[in-house]
Each structure stands twice: as structure tokens, then as C-alpha cells.
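A.B. asks: A single structure is presented below for examination.
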Amino acid sequence: MREVNSFVKGIRDGLPICFGYLSVAFAFGIFAAANGMSVIEALLMSMTNVTSAGQLAAVPIIASGGTLIELAVSQLVINLRYALMSVSLSQKLGKSVRLIDRFLIAFVNTDEVFAVASSQDGAVGRKYLYGLILTPFLGWSAGTLLGAAAGQWLPPIVISALGIAIYGMFIAIVLPKAKRHRPTAFCALLAVALSCVFTYIPGLKDVPSGFAVIICAVIAASVMAITVPVREEKPNE
Amino acid sequence: MNNFFLYLAVMAGVTYLIRMLPLVLMRRKLQNRFLLSFLYYIPYAVLSVMTIPAIFYAVGNWHAAVAGFAVAVILAFFNRSLVKVAAFSCIAVLAVELLEKF
């Protein structure tokens with residue numbers, strides 16, 4: 001099987017991901033700062049995790065002094081999809097990829113990196129993969145740094161308005177997909193309904209936020225997976 | 001600060017293991033249809049849960065939040081990019097907050 005293994009091509013394919021990450025990470029940095037995290041803390045979190053939804057769920061848990069179990073379970077559930085991507089990516093790796101490379105590449109196997117690597121014809125080599133993950137990692141880190149720092153010096157009314165940015169991005173991810181694929185729309189509506197139940201109904205609203213996210217998302221995704229299983233082979237298009 | 005590093009170690013450790021173990025250990029493709037479907041739906045479910053109702057408490061007051069939400073929904077419906085949707089949503093919030101100030 002042909003192997004794509006040019007470092008330069010990897011860099012070139014990674015740059016669009018890098019630019020996308022800059023803005024999402026900027027919004028994350030603002031969000032982290034608004035929840036009382038320091039610039040260094042926000043930066044360290046991005047550099048060691050490289051995951052958007054997982055980090056966003058972690059910030060309120062840490063801010064509210066949640067338990068380590070709550071944090072661990074939230075990361076497990078929210079990031080479980082990466083296991084599927086890693087399984088899939090493991091089938092694409094070329095002969096040049098050594099065991100040590102697998103340990104390093106796994107660190108930045110994000111949704112977008114996975115999608116680009118998967119879309120190559122034939123196998124992917126180690127040099128290509130290192131090029132591919134380099135700029136997205138830098139973009140994710142730099143964006144977080146800038147966002148968290150901006151959170152310190154922008155006027156309060158602007159900071160307040162920027163607080164909605166990350167949610168706007170979430171809507172921009174879910175809605176176009178929900179428009180094209182009705183079961184995804186049902187999944188989102190069910191998840192929102194459950195989320196409101198866990199926010200407003202007495203008793204349930206005392207469930208720690210990290211657990212509530214997990215419970216609502218797992219119920220919604222399970223109900224949909226049972227009633228409308230996805231047909232296509234590539235579930236994370 | 002110590003406490004923060006404990007949180008950081010747990011979340012980074014869990015996330016890395018999820019990514020690393022399958023890449024290092026597994027060689028076969030997943031066949032289970034429920035599991036594949038569940039993994040397809042879970043990101044959308046998580047994002048939806050985290051967005052509503054939290055978005056309505058994300059900014060200074062709920063009028064501004066509703067404006068930002070409406071703008072985001074309209075732009076997202078017409079497939080605008082993530083950055084555009086987020087930016088115009090912020091601008092709508094800022095506009096409402098400034099208007100109500102004066």
C-alpha cells in the first residue's frame with residue numbers, strides 16, 4: 001500500500017486545522033479565565049489535554065471544587081469517541097510508524113486531525129503525521145493563551161459578551177448536522193430536554209454539573225443508538 | 001494550585017489513555033453497531049447538553065443572551081462558519097447590553 005509520508009505535506013494539511021483551533025481555543029481561554037483560572041492554568045490544560053469539549057466540561061467541575069471521580073468520568077464519557085478514532089487510525093498507519101510514534105501521535109489525535117489523516121489515499125507515515133499534528137497543537141495552545149490573557153485586560157462588558165462565543169460555536173457544529181440528519185436533531189432535542197430537567201427540577205438540579213452532562217448525554221445517545229442506529233461506516237464524518 | 005495539578009493530571013491522564021490504548025493495542029475494526037452509533041451521537045448530545053440552558057446564563061443578562069442565541073441559531077442554520085457564528089453572536093450580545101445601558 002502506498003504511504004503518504006511527507007512532513008511538508010503534513011504541515012500544509014495541518015494549517016487549516018491550526019487556524020480553526022486558534023479561534024475555538026481563544027473562546028476556551030476566555031471561558032477558563034471567566035471561571036477563575038489563571039492564564040498559566042488555562043494554557044497548561046490545553047497543552048496537556050488538546051480536547052475542546054472535554055476541557056470545557058472540566059472547567060466548571062474544577063471551579064466548583066468537584067470530585068476527581070466526577071472529573072475522570074466526565075472526561076471518559078465525553079472523550080470516548082477518541083477511542084473509536086484511534087482504533088480507526090491504527091488501521092491507516094504505514095510501516096514507518098514505530099511503537100514510540102504511536103504513543104506520541106495519540107496525544108494529538110483530535111477529531112480534525114483524525115478526519116484529515118483518514119481522508120488520505122493509502123497509509124499514513126510518521127513524518128506526515130508529525131507534520132499534521134504540529135501546527136494544530138501550537139494553534140490550540142496559542143489560542144488558549146491569547147484568550148485567557150484577553151480575559152484579563154478587556155473591558156468587563158466585552159468579556160461578558162465573549163462569554164457566549166463558545167456556545168455559538170457549539171450551535172454552529174450541531175445545527176447544520178441536525179438539519180441534514182433528522183436523528184441527530186432528535187438526539188440534540190432529547191439531550192436539551194434532559195439538560196433542562198437536570199437544571200430546573202428540584203432534587204435532580206442538585207446533581208453535580210459534570211455528572212448531569214454525562215447522564216443526559218449518555219441517555220440521549222443510547223436512546224438514539226438503539227432506535228436509529230447509524231448506517232454509514234464512518235460515524236465521525 | 002496543588003489541587004489544580006491533581007485535577008490536571010487526572011483529566012490529562014484519562015484523555016491520553018483513551019487515545020493511546022486503542023492506537024497502541026488494537027488492530028481490528030469495531031463491528032458493534034450500537035457502539036458505533038453511540039459514538040456517533042455522543043458528541044452532538046454532549047454539545048447540546050452543555051449549550052442549553054447554560055447559554056442563557058452565559059452573559060450579563062438574559063435579554064442579551066436570547067439575542068445572541070437567536071443570531072447563532074439563524075447563522076448556523078444557514079451553514080455559516082464556526083468563527084462567524086460565534087463572532088456575530090457576541091456582537092448581538094454586546095449590542096443589547098450597550099443599548100440597555102443607555
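Identifiers for the C-alpha cells are assigned positionally: chains receive A, B, ... in sequence, residues are indexed from 1 per chain, and ligands are indexed from 1 in the order shown.
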Skip stretch 145-154 of chain A itself and residues of its chain fewer than 5 positions away, then list as a count of residues only all residues within 9 Å of it, counting only C-alpha atoms.

C.D. replies: 21

A.B. asks: Select from stretch 18-73 of chain A everything DSSP, run on the backbone, classes as helix (DSSP H, G or I), then give the selection as a ChimeraX atom specification.

C.D. replies: /A:18-34,39-49,52-63,68-73

A.B. asks: Which residue, A:Val218, A:Glu3, A:Gly54, A:Tyr21, has the smallest gap to A:Thr135 when you use only C-alpha atoms?

C.D. replies: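 Closest residue, counting only C-alpha atoms: A:Tyr21.
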
A.B. asks: Could you please tell me, as JSON, numbers by chain, which residues of chain B have an atom within 7 Å of chain A when using only C-alpha atoms?

C.D. replies: {"B": [7, 8, 10, 11, 12, 14, 15, 16, 18, 19, 20, 22, 23, 24, 26, 27, 29, 33, 34, 36, 37, 38, 39, 40, 41, 42, 44, 45, 46, 47, 48, 49, 50, 51, 52, 53, 55, 58, 59, 60, 72, 73, 76, 77, 79, 82, 83, 85, 86, 87, 89, 90, 93, 94]}

A.B. asks: Let's have the selection written as a CSV table (one decimal), in the first residue's frame, with C-alpha atoms.

C.D. replies:
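That gives us result27.csv:
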```csv
chain,number,residue,atom,x,y,z
B,7,TYR,CA,-7.2,17.9,38.6
B,8,LEU,CA,-4.9,18.4,35.6
B,10,VAL,CA,-6.5,13.2,36.2
B,11,MET,CA,-8.1,14.8,33.2
B,12,ALA,CA,-4.9,14.6,31.0
B,14,VAL,CA,-7.8,9.8,31.3
B,15,THR,CA,-7.9,11.6,28.0
B,16,TYR,CA,-4.5,10.3,26.9
B,18,ILE,CA,-8.5,6.8,25.8
B,19,ARG,CA,-6.5,8.0,22.8
B,20,MET,CA,-3.3,6.0,23.3
B,22,PRO,CA,-6.5,1.7,21.1
B,23,LEU,CA,-3.8,3.2,18.9
B,24,VAL,CA,-1.1,1.0,20.5
B,26,MET,CA,-5.9,-2.6,18.8
B,27,ARG,CA,-5.6,-3.8,15.2
B,29,LYS,CA,-12.1,-2.7,13.3
B,33,ARG,CA,-23.5,-1.4,15.7
B,34,PHE,CA,-24.8,0.0,18.9
B,36,LEU,CA,-20.6,2.7,16.6
B,37,SER,CA,-23.9,4.5,16.7
B,38,PHE,CA,-23.4,5.6,20.3
B,39,LEU,CA,-20.0,7.0,19.5
B,40,TYR,CA,-21.5,8.9,16.5
B,41,TYR,CA,-24.3,10.5,18.6
B,42,ILE,CA,-22.3,11.3,21.8
B,44,TYR,CA,-23.8,16.1,19.5
B,45,ALA,CA,-25.5,15.0,22.7
B,46,VAL,CA,-22.7,16.4,24.8
B,47,LEU,CA,-22.6,19.8,23.0
B,48,SER,CA,-26.4,20.1,23.2
B,49,VAL,CA,-26.5,19.4,26.9
B,50,MET,CA,-23.7,21.9,27.6
B,51,THR,CA,-25.3,24.6,25.4
B,52,ILE,CA,-28.9,24.7,26.7
B,53,PRO,CA,-29.9,26.1,29.1
B,55,ILE,CA,-26.2,29.7,27.1
B,58,ALA,CA,-23.6,32.9,29.9
B,59,VAL,CA,-23.7,36.7,29.7
B,60,GLY,CA,-24.7,39.7,31.8
B,72,ALA,CA,-26.3,32.0,16.4
B,73,VAL,CA,-29.2,29.7,15.5
B,76,ALA,CA,-25.8,28.2,11.9
B,77,PHE,CA,-29.0,27.3,10.1
B,79,ASN,CA,-24.2,27.0,7.5
B,82,LEU,CA,-17.9,28.5,13.4
B,83,VAL,CA,-16.0,31.8,13.7
B,85,VAL,CA,-21.5,32.3,14.1
B,86,ALA,CA,-19.5,32.9,17.4
B,87,ALA,CA,-18.5,36.5,16.4
B,89,SER,CA,-23.4,36.1,18.4
B,90,CYS,CA,-21.0,38.1,20.6
B,93,VAL,CA,-25.0,40.3,23.0
B,94,LEU,CA,-22.8,43.4,23.1
```

A.B. asks: By how many Å are atom CA of A:Ile201 and atom CA of A:Pro60 apart?

C.D. replies: 20.1 Å

A.B. asks: Could you state the separation of atom CA of B:Ile74 and atom CA of B:Phe102 in Å, given to one decimal place?

C.D. replies: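 Between these atoms lies a distance of 27.1 Å.
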
A.B. asks: Which one of A:Leu204, A:Leu15, A:Val97, A:Val8 sits closest to A:Val116 if you count only C-alpha atoms?

C.D. replies: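 Among the listed residues, the smallest separation from A:Val116 belongs to A:Leu15.
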
A.B. asks: Using Å and a single decimal, report how far atom CA of B:Glu97 sits from atom CA of B:Ala64.

C.D. replies: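 Computed distance, atom CA of B:Ala64 to atom CA of B:Glu97, equals 6.1 Å.
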
A.B. asks: I want to know what sits within 8 Å of B:Ala92, based on only C-alpha atoms, with residues of the same chain fewer than 4 positions away left out; could you give that as a list in words?

C.D. replies: Ala64, Ala67, Gly68, Val71, Phe88 and Val96 of chain B
